[in-house]
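Written out below as structure tokens is the structure these notes cover.
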Amino acid sequence: MTGLRFGLALAASVLALGVAQAQEPKKGGTVHVVVQPEPPMLMQGLNQNGPTNMVAGNIYESLLRYNEKLEPQPSLAKSWEISPDAKVYTFKLQEGVTWHDGKPFTADDVVFTLDKFLREVHPRWRPIVNAQVDKIEKVDDLTVKITLKQPFGPLIMTQEVASAPMIPKHIYDGTDYRANPANNTPIGTGPFKLKEWKKGSYIHLVKNENYWLKGKPNLDEIYWQIIPDAAARAVAYETGKVDVLTGGSVDVYDVARLSKLPNTCVTTKGWEMFAPHAWLTPNVRNGILGNKQFRQGLMYAIDREFGREVVWGGLGKLPTGPISSKTKFYSADVPKYAFDPAKAKELIKASGYKGETIRLLNLPYGETWTRWTEAIKQNLEDVGVKVQVENTDVPGWTQKASNWDFDLNFNFLYQLGDPAMGVARSYITSNIAKGNPFANVGGYSNPEVDKLFADAAIAPTEKERQELYTKVQKLLADELPVLWLLEMDFPTIYRCNVKNLVTTGVGVNDGFRDAWKE
């Protein structure tokens, strides 16, 4: 798709969204949405895979939502106050909220979620709560107070639904969280409830008739269709079987064709909170991958421009380091890596590489990722590196990545509005913990990097934070604990008569609360 045509499509979608907001929502109706691949589970506190978040973000809720400018908005918290010393956050909860099983949602659930459950299992919340939070306490049934060890401005950005989904204390307290049978039938407070999950076919969500926000949701039901083949997903949209193709669910070369169909809107909005960054993680514990010269050689060997232009159809931008150019505190003042096979060979030879096979774990999110993996395999073999691609399904990938069973791991991670939330977790020593594919799985550890991230998180001014984040970007771009490949753009393709679908910085992940069908 040319930039002009894509721009026109986006302009049309923005116009459609604007018109929709002026109309009176119609009640009822069913929307069919593609989710790709099938989520490994829907218990959002335990799993933050992209497909899990897309579905479960409409079952669970957090204290806050965020608009496309990433400004906090009320959700389960109707209001909040920050003390003059910026160390105490007081959240007032909505009245009359119930869990899907009818039990009341109270401050006890919030304290349990943030102080116990997520502290133990969540790779983003764990390092934040351990480093920044002094105590989390119930003031009364509808009031929670979080007291910080020191001022930490990014705290207000941590309460997005995938980062801090509220978990029912009455179901999980005192249990083995990962073995709790309720993980198969998630209980949230959200606008939709799980009715049926027919594995390999669909996930059926139905309207929560007792939802706390009066008049919402508008839709009666959502079917998340599981269609393993990318071409079949495109056909399902063309033939009217599905109404929404979520970001990344069709091959990029189908986007231009599908966007021209009647009653079709396209938008890249709804990813502002995420600003997804695709990369390869070297397991620095494994022999030659612990050698910086070898990692730098790999970076020079990879034709990242080919990945962007050919594999991803020109969508996205080449990254320069750990912080996306779409995110606060980005700096371009870092060592750069152009595609240079001769330089790659020189560095790989100097590193002492002896021809050992490097296992590359493919991300099983569809044909585009498989093609990208094959292209990178070819790049590395062209400079003399032996590569064995390992293919698996999503649960298998999650297990291998979580247990550090790889040499190079394909992944993409979210930036989450502030480097203290979405970036630091992949590089700090304290987040080297087995059990989650979105922690520091590569095992990189550098006390200077740890200190720069820690100091930047709590620095009192934006200027001081920028200086510290600039330093850490320069250091990491030299050390390459991660091989950054692409700042990703994901177009969402949908019927124009599905209104108000993308209204927040996380798009369809919490969009069905407000969506309606004309």
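Residue numbers start at 1 in each chain; chains themselves are named A, B, ... in the order of the structure tokens; ligands are numbered from 1 in the order shown.
Those residues that approach Val387 of chain A to within 10 Å, counting only C-alpha atoms, are A:Gly355, A:Glu356, A:Thr357, A:Ile358, A:Arg359, A:Leu360, A:Glu374, A:Ile376, A:Lys377, A:Gln378, A:Asn379, A:Leu380, A:Glu381, A:Gly384, A:Glu390, A:Asp407, A:Leu408; same-chain residues fewer than 3 positions away are not listed.
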Prev. selection, all heavy atoms, output as a short mmCIF file (atom, residue, chain, number, x, y, z; two decimals), in the first residue's frame:
data_model
loop_
_atom_site.label_atom_id
_atom_site.label_comp_id
_atom_site.auth_asym_id
_atom_site.auth_seq_id
_atom_site.Cartn_x
_atom_site.Cartn_y
_atom_site.Cartn_z
N GLY A 355 31.76 -21.95 14.93
CA GLY A 355 30.84 -22.67 14.04
C GLY A 355 29.75 -23.43 14.76
O GLY A 355 29.04 -24.25 14.14
N GLU A 356 29.56 -23.18 16.07
CA GLU A 356 28.51 -23.89 16.79
C GLU A 356 27.12 -23.45 16.29
O GLU A 356 26.93 -22.34 15.83
CB GLU A 356 28.62 -23.67 18.31
CG GLU A 356 28.75 -22.24 18.77
CD GLU A 356 30.20 -21.77 18.93
OE1 GLU A 356 31.02 -22.00 18.02
OE2 GLU A 356 30.50 -21.14 19.96
N THR A 357 26.15 -24.37 16.38
CA THR A 357 24.79 -24.09 15.90
C THR A 357 24.04 -23.22 16.89
O THR A 357 24.04 -23.48 18.10
CB THR A 357 24.02 -25.41 15.68
OG1 THR A 357 24.71 -26.17 14.68
CG2 THR A 357 22.59 -25.16 15.22
N ILE A 358 23.39 -22.18 16.37
CA ILE A 358 22.58 -21.26 17.18
C ILE A 358 21.11 -21.61 16.97
O ILE A 358 20.62 -21.63 15.84
CB ILE A 358 22.84 -19.79 16.76
CG1 ILE A 358 24.33 -19.43 16.86
CG2 ILE A 358 21.99 -18.84 17.60
CD1 ILE A 358 24.92 -19.52 18.23
N ARG A 359 20.41 -21.91 18.07
CA ARG A 359 18.98 -22.26 17.99
C ARG A 359 18.12 -20.99 18.02
O ARG A 359 18.16 -20.25 19.00
CB ARG A 359 18.59 -23.16 19.15
CG ARG A 359 19.30 -24.53 19.18
CD ARG A 359 18.92 -25.30 20.44
NE ARG A 359 19.26 -24.56 21.65
CZ ARG A 359 18.50 -24.49 22.74
NH1 ARG A 359 17.34 -25.12 22.79
NH2 ARG A 359 18.90 -23.80 23.79
N LEU A 360 17.37 -20.76 16.96
CA LEU A 360 16.52 -19.57 16.84
C LEU A 360 15.06 -19.98 17.05
O LEU A 360 14.49 -20.74 16.26
CB LEU A 360 16.71 -18.94 15.46
CG LEU A 360 15.75 -17.83 15.02
CD1 LEU A 360 15.68 -16.71 16.04
CD2 LEU A 360 16.18 -17.28 13.66
N GLU A 374 12.88 -16.91 8.72
CA GLU A 374 13.66 -17.52 7.63
C GLU A 374 14.61 -16.52 6.98
O GLU A 374 15.74 -16.85 6.61
CB GLU A 374 12.71 -18.13 6.58
CG GLU A 374 11.96 -19.37 7.07
CD GLU A 374 12.88 -20.53 7.44
OE1 GLU A 374 13.98 -20.65 6.84
OE2 GLU A 374 12.52 -21.31 8.33
N ILE A 376 15.99 -13.92 8.46
CA ILE A 376 17.10 -13.67 9.39
C ILE A 376 18.04 -14.87 9.44
O ILE A 376 19.27 -14.71 9.49
CB ILE A 376 16.54 -13.30 10.78
CG1 ILE A 376 15.96 -11.88 10.71
CG2 ILE A 376 17.60 -13.39 11.86
CD1 ILE A 376 15.20 -11.44 11.92
N LYS A 377 17.48 -16.07 9.39
CA LYS A 377 18.33 -17.27 9.31
C LYS A 377 19.27 -17.17 8.11
O LYS A 377 20.47 -17.42 8.22
CB LYS A 377 17.44 -18.52 9.20
CG LYS A 377 18.21 -19.84 9.03
CD LYS A 377 17.22 -21.01 8.91
CE LYS A 377 17.88 -22.37 8.98
NZ LYS A 377 18.54 -22.76 7.73
N GLN A 378 18.73 -16.76 6.97
CA GLN A 378 19.54 -16.62 5.76
C GLN A 378 20.61 -15.55 5.95
O GLN A 378 21.77 -15.74 5.57
CB GLN A 378 18.65 -16.27 4.56
CG GLN A 378 19.38 -16.28 3.23
CD GLN A 378 19.92 -17.66 2.87
OE1 GLN A 378 19.17 -18.63 2.85
NE2 GLN A 378 21.23 -17.75 2.62
N ASN A 379 20.22 -14.40 6.54
CA ASN A 379 21.20 -13.33 6.82
C ASN A 379 22.37 -13.84 7.64
O ASN A 379 23.54 -13.56 7.35
CB ASN A 379 20.54 -12.19 7.60
CG ASN A 379 19.61 -11.32 6.78
OD1 ASN A 379 18.76 -10.64 7.35
ND2 ASN A 379 19.77 -11.30 5.48
N LEU A 380 22.06 -14.60 8.70
CA LEU A 380 23.11 -15.07 9.61
C LEU A 380 23.97 -16.15 8.95
O LEU A 380 25.20 -16.17 9.13
CB LEU A 380 22.49 -15.58 10.91
CG LEU A 380 21.69 -14.55 11.72
CD1 LEU A 380 21.22 -15.15 13.05
CD2 LEU A 380 22.49 -13.28 11.98
N GLU A 381 23.34 -17.02 8.17
CA GLU A 381 24.12 -18.05 7.48
C GLU A 381 25.03 -17.44 6.40
O GLU A 381 26.12 -17.94 6.13
CB GLU A 381 23.18 -19.11 6.90
CG GLU A 381 22.54 -19.95 8.00
CD GLU A 381 21.67 -21.09 7.50
OE1 GLU A 381 21.21 -21.02 6.34
OE2 GLU A 381 21.45 -22.04 8.28
N GLY A 384 28.25 -16.77 7.92
CA GLY A 384 28.96 -17.92 8.49
C GLY A 384 28.44 -18.44 9.81
O GLY A 384 29.10 -19.26 10.45
N GLU A 390 13.75 -23.32 15.46
CA GLU A 390 12.87 -24.18 16.26
C GLU A 390 11.46 -23.62 16.19
O GLU A 390 11.22 -22.47 16.58
CB GLU A 390 13.37 -24.25 17.71
CG GLU A 390 14.72 -24.92 17.81
CD GLU A 390 15.07 -25.31 19.25
OE1 GLU A 390 14.44 -24.78 20.19
OE2 GLU A 390 15.99 -26.14 19.40
N ASP A 407 18.61 -20.08 22.16
CA ASP A 407 19.81 -19.26 21.98
C ASP A 407 19.42 -17.85 21.53
O ASP A 407 19.88 -16.87 22.08
CB ASP A 407 20.76 -19.90 20.95
CG ASP A 407 21.33 -21.22 21.44
OD1 ASP A 407 21.56 -21.36 22.66
OD2 ASP A 407 21.54 -22.13 20.61
N LEU A 408 18.55 -17.79 20.52
CA LEU A 408 17.95 -16.53 20.08
C LEU A 408 16.44 -16.71 20.13
O LEU A 408 15.93 -17.70 19.63
CB LEU A 408 18.37 -16.16 18.66
CG LEU A 408 19.80 -15.69 18.42
CD1 LEU A 408 20.06 -15.54 16.92
CD2 LEU A 408 20.05 -14.35 19.11
#
**Message:** I want to know what sits within 7 Å of Pro37 of chain A, based on only C-alpha atoms, with residues of the same chain fewer than 2 positions away left out; could you give that as a VMD selection string?
**Reply:** chain A and resid 35 39 51 228 365
Those residues with C-alpha atoms, as a compact mmCIF listing (two decimals), in the first residue's frame please?
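The new file selection01.txt reads:
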# COMPACT_ATOMS: atom_id res chain seq x y z
CA VAL A 35 -7.94 -13.44 17.37
CA PRO A 39 -4.73 -17.48 23.39
CA PRO A 51 -4.04 -12.67 22.08
CA PRO A 228 -5.22 -20.71 11.96
CA TYR A 365 2.12 -15.79 15.47
**Request:** Determine, counting only C-alpha atoms, which protein, DNA and RNA residues have an atom within 6 Å of an atom of Thr30 of chain A; residues of the same chain fewer than 4 positions away are not included. Present the result as a VMD selection string.
**Result:** chain A and resid 220 to 222
With segment 263-287 of chain A as the partner and 12 Å as the cut-off, tabulate the residues of segment 301-344 of chain A that qualify, each row holding the nearest pair of atoms and their distance in Å to one decimal, using only C-alpha atoms, sorted by chain and rising number, as a Markdown table.
| residue | atom | partner | partner_atom | distance |
| --- | --- | --- | --- | --- |
| A:Ile302 | CA | A:Leu280 | CA | 10.7 |
| A:Arg304 | CA | A:Trp279 | CA | 10.4 |
| A:Gly307 | CA | A:Ala278 | CA | 10.8 |
| A:Arg308 | CA | A:Ala278 | CA | 10.9 |
| A:Trp312 | CA | A:Ala278 | CA | 11.6 |
| A:Leu315 | CA | A:Thr268 | CA | 10.2 |
| A:Gly316 | CA | A:His277 | CA | 9.6 |
| A:Lys317 | CA | A:His277 | CA | 9.7 |
| A:Leu318 | CA | A:His277 | CA | 9.6 |
| A:Pro319 | CA | A:His277 | CA | 8.0 |
| A:Thr320 | CA | A:His277 | CA | 10.8 |
| A:Gly321 | CA | A:His277 | CA | 9.8 |
| A:Pro322 | CA | A:His277 | CA | 8.3 |
| A:Ile323 | CA | A:His277 | CA | 8.5 |
| A:Ser324 | CA | A:Ala275 | CA | 6.9 |
| A:Ser325 | CA | A:Ala275 | CA | 8.9 |
| A:Lys326 | CA | A:Ala275 | CA | 6.6 |
| A:Thr327 | CA | A:Ala275 | CA | 7.3 |
| A:Lys328 | CA | A:Ala275 | CA | 10.9 |
Restricted to all heavy atoms, what would the selected residues look like written as a compact mmCIF listing (two decimals), in the first residue's frame?
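Wrote it out as out17.txt, contents follow:
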# COMPACT_ATOMS: atom_id res chain seq x y z
N ILE A 302 22.00 -8.62 10.05
CA ILE A 302 20.56 -8.68 9.80
C ILE A 302 20.12 -7.50 8.93
O ILE A 302 20.37 -6.34 9.27
CB ILE A 302 19.77 -8.69 11.13
CG1 ILE A 302 20.10 -9.98 11.92
CG2 ILE A 302 18.27 -8.61 10.87
CD1 ILE A 302 19.57 -9.97 13.34
N ARG A 304 17.62 -5.37 8.38
CA ARG A 304 16.40 -4.91 9.04
C ARG A 304 15.49 -4.15 8.08
O ARG A 304 14.27 -4.17 8.21
CB ARG A 304 16.74 -4.06 10.26
CG ARG A 304 17.56 -4.82 11.31
CD ARG A 304 17.73 -4.04 12.59
NE ARG A 304 18.47 -2.81 12.38
CZ ARG A 304 18.39 -1.74 13.18
NH1 ARG A 304 17.60 -1.76 14.24
NH2 ARG A 304 19.11 -0.66 12.93
N GLY A 307 13.38 -6.56 6.33
CA GLY A 307 12.30 -6.98 7.22
C GLY A 307 11.15 -5.99 7.22
O GLY A 307 9.97 -6.37 7.16
N ARG A 308 11.48 -4.71 7.28
CA ARG A 308 10.43 -3.68 7.32
C ARG A 308 9.72 -3.57 5.97
O ARG A 308 8.49 -3.61 5.90
CB ARG A 308 11.05 -2.32 7.69
CG ARG A 308 10.02 -1.22 7.90
CD ARG A 308 10.70 0.08 8.25
NE ARG A 308 11.14 0.77 7.04
CZ ARG A 308 10.38 1.63 6.35
NH1 ARG A 308 9.15 1.89 6.76
NH2 ARG A 308 10.84 2.22 5.28
N TRP A 312 7.15 -6.78 6.28
CA TRP A 312 6.07 -6.03 6.93
C TRP A 312 5.45 -4.97 6.04
O TRP A 312 4.72 -4.09 6.52
CB TRP A 312 6.58 -5.42 8.25
CG TRP A 312 6.75 -6.48 9.28
CD1 TRP A 312 7.90 -7.09 9.66
CD2 TRP A 312 5.71 -7.10 10.06
NE1 TRP A 312 7.66 -8.05 10.60
CE2 TRP A 312 6.32 -8.08 10.88
CE3 TRP A 312 4.33 -6.92 10.14
CZ2 TRP A 312 5.60 -8.88 11.76
CZ3 TRP A 312 3.61 -7.72 11.03
CH2 TRP A 312 4.25 -8.68 11.82
N LEU A 315 5.36 -1.15 6.83
CA LEU A 315 4.76 -0.69 8.08
C LEU A 315 5.81 -0.67 9.19
O LEU A 315 6.54 -1.63 9.37
CB LEU A 315 3.61 -1.62 8.49
CG LEU A 315 2.36 -1.57 7.61
CD1 LEU A 315 1.43 -2.71 7.99
CD2 LEU A 315 1.64 -0.23 7.77
N GLY A 316 5.88 0.41 9.93
CA GLY A 316 6.81 0.48 11.05
C GLY A 316 8.05 1.29 10.73
O GLY A 316 8.17 1.91 9.68
N LYS A 317 8.99 1.28 11.69
CA LYS A 317 10.19 2.11 11.62
C LYS A 317 11.34 1.36 12.27
O LYS A 317 11.12 0.62 13.24
CB LYS A 317 9.90 3.42 12.37
CG LYS A 317 11.02 4.43 12.39
CD LYS A 317 10.56 5.68 13.13
CE LYS A 317 11.71 6.66 13.27
NZ LYS A 317 11.31 7.84 14.06
N LEU A 318 12.55 1.52 11.74
CA LEU A 318 13.69 0.82 12.34
C LEU A 318 14.05 1.47 13.67
O LEU A 318 14.23 2.68 13.75
CB LEU A 318 14.91 0.88 11.41
CG LEU A 318 14.78 0.16 10.06
CD1 LEU A 318 16.16 0.06 9.41
CD2 LEU A 318 14.17 -1.22 10.20
N PRO A 319 14.18 0.68 14.73
CA PRO A 319 14.53 1.22 16.04
C PRO A 319 16.03 1.46 16.16
O PRO A 319 16.83 0.87 15.41
CB PRO A 319 14.08 0.13 17.01
CG PRO A 319 14.13 -1.13 16.21
CD PRO A 319 13.92 -0.76 14.76
N THR A 320 16.41 2.32 17.08
CA THR A 320 17.84 2.55 17.34
C THR A 320 18.29 1.97 18.67
O THR A 320 19.47 1.93 18.95
CB THR A 320 18.14 4.06 17.33
OG1 THR A 320 17.34 4.71 18.32
CG2 THR A 320 17.85 4.68 15.97
N GLY A 321 17.34 1.56 19.49
CA GLY A 321 17.72 1.05 20.82
C GLY A 321 16.50 0.56 21.58
O GLY A 321 15.46 0.25 20.99
N PRO A 322 16.60 0.52 22.91
CA PRO A 322 15.55 -0.09 23.72
C PRO A 322 14.28 0.73 23.84
O PRO A 322 13.22 0.19 24.14
CB PRO A 322 16.22 -0.24 25.09
CG PRO A 322 17.25 0.83 25.12
CD PRO A 322 17.76 0.95 23.71
N ILE A 323 14.36 2.05 23.64
CA ILE A 323 13.18 2.91 23.80
C ILE A 323 12.67 3.31 22.42
O ILE A 323 13.42 3.79 21.58
CB ILE A 323 13.52 4.15 24.65
CG1 ILE A 323 13.89 3.72 26.08
CG2 ILE A 323 12.34 5.12 24.69
CD1 ILE A 323 14.29 4.86 27.00
N SER A 324 11.38 3.11 22.20
CA SER A 324 10.77 3.43 20.92
C SER A 324 10.76 4.94 20.68
O SER A 324 10.59 5.73 21.62
CB SER A 324 9.33 2.90 20.90
OG SER A 324 8.63 3.41 19.78
N SER A 325 10.90 5.34 19.42
CA SER A 325 10.82 6.76 19.07
C SER A 325 9.41 7.31 19.31
O SER A 325 9.20 8.53 19.30
CB SER A 325 11.22 6.97 17.61
OG SER A 325 10.33 6.32 16.74
N LYS A 326 8.43 6.42 19.52
CA LYS A 326 7.06 6.85 19.80
C LYS A 326 6.83 7.11 21.29
O LYS A 326 5.74 7.51 21.70
CB LYS A 326 6.07 5.77 19.34
CG LYS A 326 6.14 5.45 17.86
CD LYS A 326 5.24 4.27 17.55
CE LYS A 326 5.36 3.85 16.09
NZ LYS A 326 4.57 2.66 15.78
N THR A 327 7.84 6.82 22.11
CA THR A 327 7.69 6.84 23.57
C THR A 327 8.49 8.00 24.17
O THR A 327 9.48 8.43 23.59
CB THR A 327 8.18 5.50 24.16
OG1 THR A 327 7.43 4.44 23.56
CG2 THR A 327 7.99 5.43 25.66
N LYS A 328 8.06 8.47 25.32
CA LYS A 328 8.81 9.50 26.04
C LYS A 328 10.24 9.04 26.31
O LYS A 328 10.48 7.87 26.55
CB LYS A 328 8.15 9.81 27.39
CG LYS A 328 6.87 10.61 27.28
CD LYS A 328 6.46 11.22 28.60
CE LYS A 328 6.23 10.19 29.69
NZ LYS A 328 5.76 10.79 30.95
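Of note, atom CA of Pro186 of chain A and atom CA of Gln399 of chain A are spaced 21.3 Å apart.
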**Message:** With distances taken over only C-alpha atoms, which residue among A:Gly314, A:Met43, A:Lys499, A:Gln388 lies nearest Glu487 of chain A?
**Reply:** A:Gly314
**Asked** Between A:Leu452, A:Val498, A:Leu363, A:Leu63, which is the closest to Pro395 of chain A once you count only C-alpha atoms?
**Response** A:Leu363
**Request:** Please provide as an NGL selection string all residues within 6 Å of Tyr66 of chain A, with the sequence filter that same-chain residues fewer than 4 positions apart are discarded (counting only C-alpha atoms).
**Result:** :A and (70-73 or 504-505)
**Item:** Residue set, segment 375-459 of chain A restricted to alpha helix (DSSP H), as a PyMOL selection string
**Value:** chain A and resi 375-382+394-402+419-422+447-458
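Checking A:Gly28, A:Leu475, A:Tyr253, A:Val311 one by one against Arg371 of chain A, counting only C-alpha atoms, you find the shortest gap at A:Val311.
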**Item:** Distance criterion (only C-alpha atoms): nearest to Leu485 of chain A out of A:Ala456, A:Ala338, A:Met421, A:Ile227
**Value:** A:Ala338
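Between atom CA of Lys116 of chain A and atom CA of Ala77 of chain A there is a distance of 19.2 Å.
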**Prompt:** Out of segment 454-489 of chain A, which residues get strand (DSSP E or B) from DSSP, as a VMD selection string?
**Reply:** chain A and resid 483 to 487
**Asked** Leaving out Val235 of chain A and any residue of its chain fewer than 3 positions from it, which residues lie within 12 Å of it when counting only C-alpha atoms, given as a PyMOL selection string?
**Response** chain A and resi 34+227+229-232+238-243+245+250-251+254+257-258+261
**Asked** Taking into account only C-alpha atoms, which residue in the set A:Gln293, A:Phe329, A:Thr185, A:Val506 is nearest to Thr461 of chain A?
**Response** A:Phe329
Surrounding residues of Asp109 of chain A excluding itself and chain neighbours under 6 positions, 9 Å, only C-alpha atoms, as an mmCIF file with all heavy atoms, in the first residue's frame:
data_model
loop_
_atom_site.group_PDB
_atom_site.id
_atom_site.type_symbol
_atom_site.label_atom_id
_atom_site.label_comp_id
_atom_site.auth_asym_id
_atom_site.auth_seq_id
_atom_site.Cartn_x
_atom_site.Cartn_y
_atom_site.Cartn_z
ATOM 1 N N MET A 166 -7.661 -6.466 37.848
ATOM 2 C CA MET A 166 -8.130 -6.777 39.197
ATOM 3 C C MET A 166 -8.564 -8.249 39.280
ATOM 4 O O MET A 166 -9.295 -8.749 38.417
ATOM 5 C CB MET A 166 -9.296 -5.863 39.578
ATOM 6 C CG MET A 166 -8.871 -4.418 39.812
ATOM 7 S SD MET A 166 -7.738 -4.233 41.226
ATOM 8 C CE MET A 166 -6.257 -3.632 40.409
ATOM 9 N N ILE A 167 -8.104 -8.914 40.347
ATOM 10 C CA ILE A 167 -8.297 -10.359 40.524
ATOM 11 C C ILE A 167 -9.187 -10.594 41.750
ATOM 12 O O ILE A 167 -8.976 -9.968 42.796
ATOM 13 C CB ILE A 167 -6.922 -11.050 40.744
ATOM 14 C CG1 ILE A 167 -5.936 -10.669 39.632
ATOM 15 C CG2 ILE A 167 -7.081 -12.559 40.873
ATOM 16 C CD1 ILE A 167 -6.342 -11.070 38.244
ATOM 17 N N PRO A 168 -10.174 -11.507 41.650
ATOM 18 C CA PRO A 168 -11.079 -11.733 42.787
ATOM 19 C C PRO A 168 -10.389 -12.450 43.952
ATOM 20 O O PRO A 168 -9.986 -13.605 43.834
ATOM 21 C CB PRO A 168 -12.201 -12.590 42.186
ATOM 22 C CG PRO A 168 -11.605 -13.226 40.968
ATOM 23 C CD PRO A 168 -10.553 -12.291 40.458
ATOM 24 N N LYS A 169 -10.288 -11.759 45.072
ATOM 25 C CA LYS A 169 -9.638 -12.327 46.254
ATOM 26 C C LYS A 169 -10.351 -13.588 46.728
ATOM 27 O O LYS A 169 -9.698 -14.571 47.123
ATOM 28 C CB LYS A 169 -9.611 -11.284 47.381
ATOM 29 C CG LYS A 169 -8.953 -11.787 48.662
ATOM 30 C CD LYS A 169 -8.974 -10.734 49.760
ATOM 31 C CE LYS A 169 -8.330 -11.319 51.029
ATOM 32 N NZ LYS A 169 -8.350 -10.351 52.154
ATOM 33 N N HIS A 170 -11.676 -13.591 46.665
ATOM 34 C CA HIS A 170 -12.437 -14.721 47.220
ATOM 35 C C HIS A 170 -12.199 -16.014 46.437
ATOM 36 O O HIS A 170 -12.463 -17.100 46.933
ATOM 37 C CB HIS A 170 -13.935 -14.398 47.295
ATOM 38 C CG HIS A 170 -14.603 -14.210 45.964
ATOM 39 N ND1 HIS A 170 -14.535 -13.037 45.246
ATOM 40 C CD2 HIS A 170 -15.372 -15.051 45.214
ATOM 41 C CE1 HIS A 170 -15.223 -13.162 44.117
ATOM 42 N NE2 HIS A 170 -15.748 -14.381 44.071
#
**Item:** Nearest to Asn362 of chain A by atom-to-atom distance, counting only C-alpha atoms, from A:Tyr330, A:Phe112, A:Trp99, A:Phe406
**Value:** A:Phe406
